[in-house]
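Text of start08.cif (mmCIF, C-alpha atoms) as supplied:
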```cif
data_work
loop_
_atom_site.group_PDB
_atom_site.id
_atom_site.type_symbol
_atom_site.label_atom_id
_atom_site.label_comp_id
_atom_site.auth_asym_id
_atom_site.auth_seq_id
_atom_site.Cartn_x
_atom_site.Cartn_y
_atom_site.Cartn_z
ATOM 1 C CA MET D 1 -123.864 -2.949 -20.955
ATOM 2 C CA THR D 2 -122.897 -5.901 -23.101
ATOM 3 C CA SER D 3 -119.359 -5.822 -24.520
ATOM 4 C CA PRO D 4 -118.898 -6.467 -28.269
ATOM 5 C CA ALA D 5 -116.878 -9.612 -27.468
ATOM 6 C CA GLU D 6 -120.041 -11.285 -26.169
ATOM 7 C CA PHE D 7 -121.591 -11.093 -29.626
ATOM 8 C CA VAL D 8 -118.653 -12.747 -31.349
ATOM 9 C CA GLN D 9 -119.183 -16.429 -31.980
ATOM 10 C CA PRO D 10 -116.357 -19.004 -32.094
ATOM 11 C CA PRO D 11 -115.504 -20.514 -35.518
ATOM 12 C CA ARG D 12 -118.578 -22.337 -36.800
ATOM 13 C CA LEU D 13 -116.702 -25.433 -38.026
ATOM 14 C CA ALA D 14 -114.797 -25.827 -34.736
ATOM 15 C CA ARG D 15 -118.076 -25.497 -32.792
ATOM 16 C CA TRP D 16 -119.598 -28.147 -35.033
ATOM 17 C CA LEU D 17 -116.644 -30.464 -34.390
ATOM 18 C CA VAL D 18 -117.081 -30.155 -30.608
ATOM 19 C CA ALA D 19 -120.861 -30.601 -30.872
ATOM 20 C CA LEU D 20 -120.370 -33.721 -32.998
ATOM 21 C CA PHE D 21 -118.429 -35.510 -30.245
ATOM 22 C CA ASN D 22 -120.178 -33.868 -27.295
ATOM 23 C CA SER D 23 -122.891 -36.138 -25.916
ATOM 24 C CA ALA D 24 -126.079 -34.721 -24.431
ATOM 25 C CA GLY D 25 -125.100 -35.004 -20.768
ATOM 26 C CA LYS D 26 -121.880 -32.986 -21.104
ATOM 27 C CA ALA D 27 -122.825 -30.743 -24.025
ATOM 28 C CA ASP D 28 -123.970 -27.705 -22.047
ATOM 29 C CA SER D 29 -121.023 -27.452 -19.678
ATOM 30 C CA ILE D 30 -118.232 -28.076 -22.216
ATOM 31 C CA ALA D 31 -119.670 -25.846 -24.959
ATOM 32 C CA GLY D 32 -120.360 -23.172 -22.312
ATOM 33 C CA ASP D 33 -116.810 -23.365 -20.926
ATOM 34 C CA LEU D 34 -115.310 -23.010 -24.401
ATOM 35 C CA GLN D 35 -117.629 -20.093 -25.203
ATOM 36 C CA GLU D 36 -116.763 -18.358 -21.925
ATOM 37 C CA GLU D 37 -112.998 -18.617 -22.437
ATOM 38 C CA PHE D 38 -113.358 -17.614 -26.077
ATOM 39 C CA SER D 39 -115.163 -14.413 -24.999
ATOM 40 C CA GLN D 40 -112.472 -13.701 -22.386
ATOM 41 C CA LEU D 41 -109.704 -14.219 -24.947
ATOM 42 C CA THR D 42 -111.454 -12.077 -27.574
ATOM 43 C CA SER D 43 -111.478 -9.177 -25.109
ATOM 44 C CA SER D 44 -107.919 -9.688 -23.879
ATOM 45 C CA SER D 45 -105.968 -10.918 -26.947
ATOM 46 C CA GLY D 46 -108.125 -10.163 -29.986
ATOM 47 C CA LEU D 47 -110.355 -12.201 -32.256
ATOM 48 C CA ALA D 48 -107.638 -13.923 -34.328
ATOM 49 C CA SER D 49 -105.873 -15.255 -31.248
ATOM 50 C CA ALA D 50 -109.185 -16.368 -29.692
ATOM 51 C CA ARG D 51 -110.203 -18.170 -32.880
ATOM 52 C CA SER D 52 -106.884 -19.969 -33.090
ATOM 53 C CA TRP D 53 -107.193 -20.957 -29.387
ATOM 54 C CA TYR D 54 -110.714 -22.277 -29.983
ATOM 55 C CA TRP D 55 -109.574 -24.390 -32.930
ATOM 56 C CA ARG D 56 -106.714 -25.899 -30.894
ATOM 57 C CA GLN D 57 -109.099 -26.689 -28.047
ATOM 58 C CA ALA D 58 -111.688 -28.229 -30.394
ATOM 59 C CA ILE D 59 -109.119 -30.497 -32.088
ATOM 60 C CA LYS D 60 -107.628 -31.640 -28.772
ATOM 61 C CA THR D 61 -110.998 -31.999 -27.048
ATOM 62 C CA ALA D 62 -112.790 -34.155 -29.661
ATOM 63 C CA PRO D 63 -110.709 -37.343 -29.025
ATOM 64 C CA HIS D 64 -111.190 -36.964 -25.252
ATOM 65 C CA LEU D 65 -114.958 -36.662 -25.718
ATOM 66 C CA ALA D 66 -114.987 -39.743 -27.940
ATOM 67 C CA ALA D 67 -112.964 -41.719 -25.368
ATOM 68 C CA MET D 68 -115.310 -40.561 -22.580
ATOM 69 C CA ASP D 69 -118.295 -41.805 -24.581
ATOM 70 C CA PHE D 70 -116.645 -45.192 -25.050
ATOM 71 C CA ARG D 71 -115.764 -45.529 -21.341
ATOM 72 C CA GLU D 72 -119.372 -44.756 -20.374
ATOM 73 C CA ALA D 73 -120.736 -47.808 -22.226
ATOM 74 C CA PRO D 74 -117.848 -49.937 -23.539
ATOM 75 C CA TRP D 75 -119.838 -53.148 -24.026
ATOM 76 C CA SER D 76 -122.816 -51.740 -25.907
ATOM 77 C CA THR D 77 -120.483 -49.654 -28.102
ATOM 78 C CA ALA D 78 -118.301 -52.706 -28.796
ATOM 79 C CA ALA D 79 -121.441 -54.730 -29.628
ATOM 80 C CA ALA D 80 -122.565 -52.050 -32.117
ATOM 81 C CA ILE D 81 -119.088 -52.076 -33.720
ATOM 82 C CA LEU D 82 -119.030 -55.884 -33.945
ATOM 83 C CA GLY D 83 -122.567 -55.918 -35.372
ATOM 84 C CA GLY D 84 -121.500 -53.328 -37.960
ATOM 85 C CA PHE D 85 -118.452 -55.373 -38.884
ATOM 86 C CA LEU D 86 -120.577 -58.480 -39.471
ATOM 87 C CA LEU D 87 -123.157 -56.427 -41.334
ATOM 88 C CA CYS D 88 -120.406 -55.196 -43.699
ATOM 89 C CA ARG D 89 -119.903 -58.725 -44.978
ATOM 90 C CA PHE D 90 -123.561 -59.009 -45.948
ATOM 91 C CA VAL D 91 -124.030 -55.463 -47.246
ATOM 92 C CA TYR D 92 -120.860 -55.541 -49.412
ATOM 93 C CA TRP D 93 -121.933 -58.904 -50.818
ATOM 94 C CA LEU D 94 -125.228 -57.431 -52.098
ATOM 95 C CA PRO D 95 -123.868 -55.127 -54.883
ATOM 96 C CA ASN D 96 -121.734 -58.003 -56.246
ATOM 97 C CA GLN D 97 -124.775 -60.272 -56.319
ATOM 98 C CA LEU D 98 -126.858 -57.548 -57.954
ATOM 99 C CA LEU D 99 -124.220 -56.995 -60.625
ATOM 100 C CA GLY D 100 -124.083 -60.763 -61.264
ATOM 101 C CA ALA D 101 -127.878 -60.929 -61.615
ATOM 102 C CA LEU D 102 -127.978 -57.926 -63.963
ATOM 103 C CA THR D 103 -125.176 -59.372 -66.064
ATOM 104 C CA ASP D 104 -126.999 -62.677 -66.440
ATOM 105 C CA LYS D 105 -130.397 -61.147 -67.170
ATOM 106 C CA TYR D 106 -129.277 -58.605 -69.780
ATOM 107 C CA LEU D 107 -126.388 -60.518 -71.310
ATOM 108 C CA THR D 108 -127.324 -59.652 -74.908
ATOM 109 C CA TYR D 109 -127.687 -55.947 -74.018
ATOM 110 C CA TRP D 110 -124.282 -55.824 -72.298
ATOM 111 C CA SER D 111 -122.585 -57.590 -75.204
ATOM 112 C CA THR D 112 -123.634 -54.731 -77.502
ATOM 113 C CA HIS D 113 -123.062 -51.996 -74.870
ATOM 114 C CA PHE D 114 -119.790 -53.101 -73.362
ATOM 115 C CA LYS D 115 -118.783 -49.554 -72.266
ATOM 116 C CA ALA D 116 -122.000 -49.237 -70.247
ATOM 117 C CA TYR D 117 -121.278 -52.586 -68.616
ATOM 118 C CA MET D 118 -117.737 -51.480 -67.701
ATOM 119 C CA LEU D 119 -119.119 -48.252 -66.227
ATOM 120 C CA LEU D 120 -121.571 -50.254 -64.115
ATOM 121 C CA ALA D 121 -118.895 -52.733 -63.033
ATOM 122 C CA THR D 122 -116.399 -50.016 -61.980
ATOM 123 C CA ASP D 123 -117.985 -46.663 -61.065
ATOM 124 C CA GLY D 124 -121.399 -48.228 -60.415
ATOM 125 C CA MET D 125 -119.901 -50.747 -57.991
ATOM 126 C CA PHE D 126 -117.840 -48.014 -56.324
ATOM 127 C CA ILE D 127 -120.949 -45.900 -55.727
ATOM 128 C CA ALA D 128 -122.903 -48.961 -54.540
ATOM 129 C CA HIS D 129 -120.114 -49.718 -52.047
ATOM 130 C CA LEU D 130 -120.147 -46.142 -50.766
ATOM 131 C CA LEU D 131 -123.917 -46.228 -50.308
ATOM 132 C CA ALA D 132 -123.640 -49.591 -48.540
ATOM 133 C CA SER D 133 -120.990 -48.124 -46.195
ATOM 134 C CA LEU D 134 -123.175 -45.095 -45.530
ATOM 135 C CA LEU D 135 -126.019 -47.457 -44.626
ATOM 136 C CA VAL D 136 -123.794 -49.554 -42.311
ATOM 137 C CA GLY D 137 -122.510 -46.348 -40.637
ATOM 138 C CA SER D 138 -126.084 -45.159 -40.040
ATOM 139 C CA ILE D 139 -127.159 -48.539 -38.621
ATOM 140 C CA VAL D 140 -124.131 -48.710 -36.291
ATOM 141 C CA ALA D 141 -124.785 -45.118 -35.178
ATOM 142 C CA PHE D 142 -128.439 -45.961 -34.581
ATOM 143 C CA ALA D 143 -127.467 -48.935 -32.399
ATOM 144 C CA ALA D 144 -124.800 -46.978 -30.483
ATOM 145 C CA LYS D 145 -127.238 -44.285 -29.359
ATOM 146 C CA GLY D 146 -125.380 -41.253 -27.980
ATOM 147 C CA ARG D 147 -122.020 -42.709 -29.025
ATOM 148 C CA GLU D 148 -122.466 -42.491 -32.784
ATOM 149 C CA MET D 149 -119.084 -40.939 -33.589
ATOM 150 C CA ILE D 150 -116.873 -43.215 -31.500
ATOM 151 C CA ALA D 151 -118.649 -46.353 -32.789
ATOM 152 C CA THR D 152 -118.450 -45.438 -36.484
ATOM 153 C CA SER D 153 -114.887 -44.048 -36.147
ATOM 154 C CA ILE D 154 -113.610 -47.269 -34.534
ATOM 155 C CA LEU D 155 -115.361 -49.400 -37.166
ATOM 156 C CA GLY D 156 -113.884 -47.193 -39.887
ATOM 157 C CA LEU D 157 -110.396 -47.533 -38.374
ATOM 158 C CA ILE D 158 -110.740 -51.329 -38.144
ATOM 159 C CA LEU D 159 -111.716 -51.452 -41.820
ATOM 160 C CA VAL D 160 -108.818 -49.190 -42.792
ATOM 161 C CA ALA D 161 -106.369 -51.330 -40.763
ATOM 162 C CA LEU D 162 -107.647 -54.567 -42.329
ATOM 163 C CA GLY D 163 -107.766 -52.930 -45.728
ATOM 164 C CA LEU D 164 -104.215 -51.687 -45.362
ATOM 165 C CA VAL D 165 -102.938 -55.244 -45.012
ATOM 166 C CA ALA D 166 -105.040 -56.385 -47.985
ATOM 167 C CA SER D 167 -103.984 -53.433 -50.129
ATOM 168 C CA ILE D 168 -100.279 -53.977 -49.402
ATOM 169 C CA ILE D 169 -100.657 -57.545 -50.702
ATOM 170 C CA TRP D 170 -102.712 -56.244 -53.647
ATOM 171 C CA LEU D 171 -100.193 -53.465 -54.360
ATOM 172 C CA VAL D 172 -97.261 -55.878 -54.330
ATOM 173 C CA ARG D 173 -99.080 -58.227 -56.697
ATOM 174 C CA THR D 174 -100.665 -55.739 -59.093
ATOM 175 C CA GLY D 175 -99.074 -52.306 -58.461
ATOM 176 C CA ASP D 176 -102.622 -50.922 -58.286
ATOM 177 C CA LEU D 177 -103.657 -48.419 -55.582
ATOM 178 C CA TRP D 178 -107.364 -48.735 -56.397
ATOM 179 C CA MET D 179 -108.183 -51.176 -53.593
ATOM 180 C CA SER D 180 -106.704 -49.057 -50.800
ATOM 181 C CA LEU D 181 -108.537 -45.990 -52.092
ATOM 182 C CA LEU D 182 -111.788 -47.962 -52.168
ATOM 183 C CA LEU D 183 -111.348 -49.150 -48.560
ATOM 184 C CA CYS D 184 -110.507 -45.670 -47.277
ATOM 185 C CA ALA D 185 -113.559 -44.274 -49.090
ATOM 186 C CA ASP D 186 -115.735 -47.009 -47.527
ATOM 187 C CA ALA D 187 -114.471 -46.185 -44.031
ATOM 188 C CA LEU D 188 -115.035 -42.475 -44.612
ATOM 189 C CA ALA D 189 -118.579 -43.092 -45.886
ATOM 190 C CA MET D 190 -119.260 -45.099 -42.719
ATOM 191 C CA VAL D 191 -118.145 -42.216 -40.487
ATOM 192 C CA VAL D 192 -120.243 -39.815 -42.584
ATOM 193 C CA GLY D 193 -123.244 -42.123 -41.998
ATOM 194 C CA GLY D 194 -122.645 -41.876 -38.242
ATOM 195 C CA MET D 195 -122.154 -38.130 -38.497
ATOM 196 C CA LEU D 196 -125.458 -37.629 -40.332
ATOM 197 C CA LEU D 197 -127.406 -39.615 -37.751
ATOM 198 C CA ARG D 198 -125.650 -37.796 -34.916
ATOM 199 C CA MET D 199 -126.558 -34.402 -36.409
ATOM 200 C CA HIS D 200 -130.135 -35.504 -36.979
ATOM 201 C CA ARG D 201 -130.453 -36.591 -33.337
ATOM 202 C CA ALA D 202 -128.849 -33.377 -32.073
ATOM 203 C CA HIS D 203 -131.319 -31.269 -34.107
ATOM 204 C CA ALA D 204 -134.242 -33.356 -32.865
ATOM 205 C CA ALA D 205 -133.101 -32.957 -29.235
ATOM 206 C CA GLU D 206 -132.667 -29.193 -29.752
ATOM 207 C CA SER D 207 -136.169 -28.866 -31.204
ATOM 208 C CA ILE D 208 -137.668 -30.774 -28.262
ATOM 209 C CA ALA D 209 -135.745 -28.584 -25.778
ATOM 210 C CA LYS D 210 -136.994 -25.396 -27.499
ATOM 211 C CA SER D 211 -140.652 -26.469 -27.654
ATOM 212 C CA MET F 1 -113.432 -52.682 1.643
ATOM 213 C CA ALA F 2 -111.270 -49.609 2.239
ATOM 214 C CA ASP F 3 -110.190 -47.686 -0.859
ATOM 215 C CA ARG F 4 -106.407 -47.870 -1.291
ATOM 216 C CA GLY F 5 -106.238 -46.259 -4.722
ATOM 217 C CA TYR F 6 -103.674 -43.670 -5.754
ATOM 218 C CA LEU F 7 -104.150 -40.808 -8.166
ATOM 219 C CA GLY F 8 -102.605 -40.655 -11.605
ATOM 220 C CA GLU F 9 -100.416 -37.652 -12.441
ATOM 221 C CA PHE F 10 -103.110 -35.571 -14.162
ATOM 222 C CA GLU F 11 -105.795 -36.718 -11.709
ATOM 223 C CA HIS F 12 -103.546 -35.442 -8.937
ATOM 224 C CA LEU F 13 -103.206 -32.022 -10.633
ATOM 225 C CA VAL F 14 -106.977 -31.779 -11.196
ATOM 226 C CA ILE F 15 -107.848 -32.603 -7.577
ATOM 227 C CA LEU F 16 -105.265 -30.112 -6.298
ATOM 228 C CA ALA F 17 -106.803 -27.480 -8.598
ATOM 229 C CA LEU F 18 -110.275 -28.261 -7.184
ATOM 230 C CA LEU F 19 -108.925 -27.884 -3.641
ATOM 231 C CA ARG F 20 -107.307 -24.541 -4.487
ATOM 232 C CA LEU F 21 -110.430 -23.195 -6.245
ATOM 233 C CA GLU F 22 -112.885 -24.367 -3.556
ATOM 234 C CA ASP F 23 -116.446 -23.376 -4.602
ATOM 235 C CA ARG F 24 -115.270 -21.692 -7.858
ATOM 236 C CA ALA F 25 -114.166 -24.942 -9.490
ATOM 237 C CA TYR F 26 -115.614 -25.587 -12.951
ATOM 238 C CA GLY F 27 -114.128 -26.428 -16.369
ATOM 239 C CA VAL F 28 -112.726 -22.972 -17.198
ATOM 240 C CA THR F 29 -111.181 -22.224 -13.804
ATOM 241 C CA VAL F 30 -109.731 -25.740 -13.385
ATOM 242 C CA ARG F 31 -108.138 -25.623 -16.858
ATOM 243 C CA GLN F 32 -106.724 -22.126 -16.283
ATOM 244 C CA GLU F 33 -105.448 -23.001 -12.788
ATOM 245 C CA ILE F 34 -103.501 -26.018 -14.074
ATOM 246 C CA GLU F 35 -102.229 -24.174 -17.147
ATOM 247 C CA SER F 36 -101.018 -21.125 -15.221
ATOM 248 C CA ARG F 37 -99.327 -23.098 -12.429
ATOM 249 C CA THR F 38 -97.772 -25.924 -14.455
ATOM 250 C CA LYS F 39 -97.174 -23.956 -17.710
ATOM 251 C CA ARG F 40 -98.509 -26.856 -19.700
ATOM 252 C CA ASP F 41 -101.052 -26.690 -22.463
ATOM 253 C CA VAL F 42 -104.268 -28.269 -21.174
ATOM 254 C CA SER F 43 -107.422 -28.921 -23.184
ATOM 255 C CA ILE F 44 -110.915 -28.666 -21.738
ATOM 256 C CA GLY F 45 -111.527 -32.205 -23.004
ATOM 257 C CA ALA F 46 -108.646 -33.588 -20.936
ATOM 258 C CA VAL F 47 -109.980 -31.795 -17.844
ATOM 259 C CA TYR F 48 -113.504 -33.173 -18.300
ATOM 260 C CA ALA F 49 -112.280 -36.688 -19.107
ATOM 261 C CA THR F 50 -110.314 -36.685 -15.832
ATOM 262 C CA LEU F 51 -113.143 -35.145 -13.818
ATOM 263 C CA GLU F 52 -115.578 -37.776 -15.143
ATOM 264 C CA ARG F 53 -113.141 -40.541 -14.183
ATOM 265 C CA LEU F 54 -112.667 -39.061 -10.711
ATOM 266 C CA GLU F 55 -116.429 -38.736 -10.295
ATOM 267 C CA ALA F 56 -116.886 -42.401 -11.279
ATOM 268 C CA LYS F 57 -114.341 -43.348 -8.583
ATOM 269 C CA GLY F 58 -116.250 -41.251 -6.039
ATOM 270 C CA TYR F 59 -113.376 -38.770 -5.521
ATOM 271 C CA VAL F 60 -115.273 -35.812 -6.953
ATOM 272 C CA ALA F 61 -118.933 -34.705 -6.953
ATOM 273 C CA SER F 62 -120.592 -32.234 -9.309
ATOM 274 C CA ARG F 63 -123.670 -30.044 -9.484
ATOM 275 C CA ARG F 64 -125.199 -27.767 -12.105
ATOM 276 C CA GLY F 65 -124.827 -24.017 -11.753
ATOM 277 C CA GLU F 66 -127.077 -21.324 -13.199
ATOM 278 C CA PRO F 67 -126.957 -20.531 -16.945
ATOM 279 C CA THR F 68 -125.105 -17.265 -17.677
ATOM 280 C CA PRO F 69 -125.177 -14.958 -20.760
ATOM 281 C CA GLU F 70 -121.374 -15.003 -21.308
ATOM 282 C CA ARG F 71 -121.663 -18.778 -21.722
ATOM 283 C CA GLY F 72 -124.371 -18.426 -24.369
ATOM 284 C CA GLY F 73 -127.069 -19.254 -21.804
ATOM 285 C CA ARG F 74 -125.435 -22.546 -20.863
ATOM 286 C CA SER F 75 -124.985 -23.679 -17.278
ATOM 287 C CA LYS F 76 -121.705 -24.391 -15.470
ATOM 288 C CA ARG F 77 -120.886 -27.729 -13.916
ATOM 289 C CA LEU F 78 -119.311 -27.066 -10.531
ATOM 290 C CA PHE F 79 -117.054 -29.670 -8.937
ATOM 291 C CA ARG F 80 -115.899 -30.390 -5.385
ATOM 292 C CA VAL F 81 -113.623 -32.971 -3.802
ATOM 293 C CA THR F 82 -115.340 -35.620 -1.666
ATOM 294 C CA ALA F 83 -113.958 -37.078 1.596
ATOM 295 C CA ARG F 84 -112.867 -40.126 -0.380
ATOM 296 C CA GLY F 85 -111.062 -37.897 -2.878
ATOM 297 C CA LEU F 86 -109.338 -36.055 -0.057
ATOM 298 C CA ALA F 87 -108.123 -39.367 1.383
ATOM 299 C CA ALA F 88 -106.806 -40.395 -2.058
ATOM 300 C CA VAL F 89 -104.928 -37.127 -2.555
ATOM 301 C CA ASN F 90 -103.383 -37.440 0.929
ATOM 302 C CA ARG F 91 -102.329 -40.998 0.210
ATOM 303 C CA THR F 92 -100.766 -39.983 -3.104
ATOM 304 C CA GLN F 93 -98.989 -36.982 -1.535
ATOM 305 C CA ARG F 94 -97.552 -39.149 1.236
ATOM 306 C CA ALA F 95 -96.330 -41.731 -1.291
ATOM 307 C CA LEU F 96 -94.671 -39.011 -3.374
ATOM 308 C CA GLN F 97 -93.067 -37.404 -0.326
ATOM 309 C CA SER F 98 -91.815 -40.767 0.848
ATOM 310 C CA MET F 99 -90.304 -41.500 -2.573
ATOM 311 C CA THR F 100 -88.656 -38.099 -2.905
ATOM 312 C CA ALA F 101 -87.365 -37.885 0.685
ATOM 313 C CA ASP F 102 -83.568 -37.552 0.875
ATOM 314 C CA LEU F 103 -83.267 -37.115 -2.891
ATOM 315 C CA ASP F 104 -81.407 -34.021 -4.017
ATOM 316 C CA LEU F 105 -83.557 -33.676 -7.139
ATOM 317 C CA ILE F 106 -82.440 -30.200 -8.179
ATOM 318 C CA GLY F 107 -78.738 -30.734 -7.470
ATOM 319 C CA SER F 108 -78.263 -34.268 -8.833
ATOM 320 C CA TYR F 109 -80.818 -34.737 -11.617
ATOM 321 C CA SER F 110 -81.438 -31.325 -13.152
#
```

Write out the structure in this file as structure tokens.
Amino acid sequence: MTSPAEFVQPPRLARWLVALFNSAGKADSIAGDLQEEFSQLTSSSGLASARSWYWRQAIKTAPHLAAMDFREAPWSTAAAILGGFLLCRFVYWLPNQLLGALTDKYLTYWSTHFKAYMLLATDGMFIAHLLASLLVGSIVAFAAKGREMIATSILGLILVALGLVASIIWLVRTGDLWMSLLLCADALAMVVGGMLLRMHRAHAAESIAKS
Amino acid sequence: MADRGYLGEFEHLVILALLRLEDRAYGVTVRQEIESRTKRDVSIGAVYATLERLEAKGYVASRRGEPTPERGGRSKRLFRVTARGLAAVNRTQRALQSMTADLDLIGSYS
């Protein structure tokens, strides 16, 4: 007979976190090990304790999985990160150019609708930057096949580190926190781009395995 | 060229766990063996990261087990120590014994 503990699933979000960093070759064994111990703990210590154990394991395991991915192919991952970094320069330049072109072309319109222009130049540019970061994250993840999360996370961290220096200078000069918020949002959008591609690939692999 | 490598601290613990567990060594049992004997909190990620590193060095070999229902239909990855791994653990043990010989660790440093 099957015990009720076998039907209890670990926390969905924690499982998702492990799956996000768990590459195809190791996915079965690690997810299976965590599931097995979770079932054991549910029977012996109760569901709450087992859930808390699973969360702790997921949080501690994700960085190890990311590091393992990097060690497996350090050069190709580093190349994807470097490519992404160079791509940032071009992709972030595009919205500024677009804004410049729009300003020039519709100068008379903007002069009568100054609020609309300000909205485009602030919120519009912010959204354009986020979309550009999402695109860069997806491209980096595409290039770093199987190592999407480590590649986009490292690129995001590099941007945050560089941005931190720039925002300290900016903060000292202007007292404005806007720039640091913008850079953190860009880095986060990049990781989300990697995450989306990773999830898409995982679903595709699952569908192929099922069929 | 002969391998003269030594094991790191956690690598040493993992290989000793594999030797103790013999043919029952996989992620869950290795993690539990280290945790129960050393009383330290060990994550499954740390165990796998070390096992992968040891496998890359040729100290450990792995094979897939059968999928089981309590693992949600997923298979185990069973590990064993290779002859090269056994030589490395012996070398590390001898180095440790040589370094700790004649030291009254409990009396003088506890």

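Applied to this file, the PyMOL selection byres ((chain D) within 8 of (chain F)) selects the residues D:Glu6, D:Asp28, D:Ser29, D:Ile30, D:Ala31, D:Gly32, D:Asp33, D:Leu34, D:Gln35, D:Glu36, D:Glu37, D:Ser39, D:Gln57, D:Lys60, D:Thr61, D:Ala62, D:Pro63, D:His64, D:Leu65, D:Met68.
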
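In this model, the gap between atom CA of Arg51 of chain D and atom CA of Pro11 of chain D comes to 6.4 Å.
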
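Once Gly83 of chain D and its same-chain neighbours fewer than 3 positions away are set aside, Thr77, Ala78, Ala79, Ala80, Leu86, Leu87, Cys88, Val136, Ile139, Val140, Ala143 and Leu155 of chain D remain within 10 Å of it when counting only C-alpha atoms.
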
- Would you mind reading off the distance between atom CA of Arg89 of chain D and atom CA of Leu159 of chain D, one decimal, in Å? 11.4 Å

- Item | Near-Ile34 of chain F list (8 Å; only C-alpha atoms; drop same-chain fewer than 4 positions) as number ranges by chain | F: 13-14, 17, 30, 38-40, 42

- Task: Report the distance between atom CA of Leu51 of chain F and atom CA of Ile154 of chain D in Å, rounded to one decimal place.
- Result: 24.0 Å

- Given the file shown, enumerate the residues that the PyMOL selection byres ((chain D and resi 187) around 9) captures and present them as a ChimeraX atom specification. /D:130,133-134,137,152-153,155-160,182-186,188-192

For segment 22-31 of chain D, take all atoms listed in the file, fit an axis-aligned box around them, add 3 Å to each of the six sides, then output centre and edge lengths in Å rounded to one decimal, as JSON.
```
{"center_x": -122.2, "center_y": -31.0, "center_z": -23.5, "size_x": 13.8, "size_y": 16.3, "size_z": 13.6}
```

What's the 12 Å shell around Ala50 of chain D, counting only C-alpha atoms, without same-chain residues fewer than 2 positions away, as a short mmCIF file (atom, residue, chain, number, x, y, z; two decimals) with C-alpha atoms, keeping the file's coordinate frame?
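The resulting file, around26.cif, is shown below:
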```
data_model
loop_
_atom_site.label_atom_id
_atom_site.label_comp_id
_atom_site.auth_asym_id
_atom_site.auth_seq_id
_atom_site.Cartn_x
_atom_site.Cartn_y
_atom_site.Cartn_z
CA ALA D 5 -116.88 -9.61 -27.47
CA VAL D 8 -118.65 -12.75 -31.35
CA GLN D 9 -119.18 -16.43 -31.98
CA PRO D 10 -116.36 -19.00 -32.09
CA PRO D 11 -115.50 -20.51 -35.52
CA LEU D 34 -115.31 -23.01 -24.40
CA GLN D 35 -117.63 -20.09 -25.20
CA GLU D 36 -116.76 -18.36 -21.92
CA GLU D 37 -113.00 -18.62 -22.44
CA PHE D 38 -113.36 -17.61 -26.08
CA SER D 39 -115.16 -14.41 -25.00
CA GLN D 40 -112.47 -13.70 -22.39
CA LEU D 41 -109.70 -14.22 -24.95
CA THR D 42 -111.45 -12.08 -27.57
CA SER D 43 -111.48 -9.18 -25.11
CA SER D 44 -107.92 -9.69 -23.88
CA SER D 45 -105.97 -10.92 -26.95
CA GLY D 46 -108.12 -10.16 -29.99
CA LEU D 47 -110.36 -12.20 -32.26
CA ALA D 48 -107.64 -13.92 -34.33
CA SER D 52 -106.88 -19.97 -33.09
CA TRP D 53 -107.19 -20.96 -29.39
CA TYR D 54 -110.71 -22.28 -29.98
CA TRP D 55 -109.57 -24.39 -32.93
CA ARG D 56 -106.71 -25.90 -30.89
CA GLN D 57 -109.10 -26.69 -28.05
#
```

- Item | Nearest residue to Gly124 of chain D from the set D:Ala58, D:Tyr109, D:Ala144, D:Leu99 (distances using only C-alpha atoms) |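 Closest residue, counting only C-alpha atoms: D:Leu99.
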
- Within 12 Å of (-112.0, -43.4, -8.2) (coordinates as in the file), grab all the protein and nucleic acid residues, counting only C-alpha atoms, and write them out as a ChimeraX atom specification. /F:3-8,11-12,15,50-61,81-89

Residue subset to file, keeping C-alpha atoms, as a PDB file, in the coordinates of the input:
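Wrote selection_5.pdb, looks like this:
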```pdb
ATOM      1  CA  ASP F   3    -110.190 -47.686  -0.859  1.00  0.00           C
ATOM      2  CA  ARG F   4    -106.407 -47.870  -1.291  1.00  0.00           C
ATOM      3  CA  GLY F   5    -106.238 -46.259  -4.722  1.00  0.00           C
ATOM      4  CA  TYR F   6    -103.674 -43.670  -5.754  1.00  0.00           C
ATOM      5  CA  LEU F   7    -104.150 -40.808  -8.166  1.00  0.00           C
ATOM      6  CA  GLY F   8    -102.605 -40.655 -11.605  1.00  0.00           C
ATOM      7  CA  GLU F  11    -105.795 -36.718 -11.709  1.00  0.00           C
ATOM      8  CA  HIS F  12    -103.546 -35.442  -8.937  1.00  0.00           C
ATOM      9  CA  ILE F  15    -107.848 -32.603  -7.577  1.00  0.00           C
ATOM     10  CA  THR F  50    -110.314 -36.685 -15.832  1.00  0.00           C
ATOM     11  CA  LEU F  51    -113.143 -35.145 -13.818  1.00  0.00           C
ATOM     12  CA  GLU F  52    -115.578 -37.776 -15.143  1.00  0.00           C
ATOM     13  CA  ARG F  53    -113.141 -40.541 -14.183  1.00  0.00           C
ATOM     14  CA  LEU F  54    -112.667 -39.061 -10.711  1.00  0.00           C
ATOM     15  CA  GLU F  55    -116.429 -38.736 -10.295  1.00  0.00           C
ATOM     16  CA  ALA F  56    -116.886 -42.401 -11.279  1.00  0.00           C
ATOM     17  CA  LYS F  57    -114.341 -43.348  -8.583  1.00  0.00           C
ATOM     18  CA  GLY F  58    -116.250 -41.251  -6.039  1.00  0.00           C
ATOM     19  CA  TYR F  59    -113.376 -38.770  -5.521  1.00  0.00           C
ATOM     20  CA  VAL F  60    -115.273 -35.812  -6.953  1.00  0.00           C
ATOM     21  CA  ALA F  61    -118.933 -34.705  -6.953  1.00  0.00           C
ATOM     22  CA  VAL F  81    -113.623 -32.971  -3.802  1.00  0.00           C
ATOM     23  CA  THR F  82    -115.340 -35.620  -1.666  1.00  0.00           C
ATOM     24  CA  ALA F  83    -113.958 -37.078   1.596  1.00  0.00           C
ATOM     25  CA  ARG F  84    -112.867 -40.126  -0.380  1.00  0.00           C
ATOM     26  CA  GLY F  85    -111.062 -37.897  -2.878  1.00  0.00           C
ATOM     27  CA  LEU F  86    -109.338 -36.055  -0.057  1.00  0.00           C
ATOM     28  CA  ALA F  87    -108.123 -39.367   1.383  1.00  0.00           C
ATOM     29  CA  ALA F  88    -106.806 -40.395  -2.058  1.00  0.00           C
ATOM     30  CA  VAL F  89    -104.928 -37.127  -2.555  1.00  0.00           C
TER      31      VAL F  89
END
```
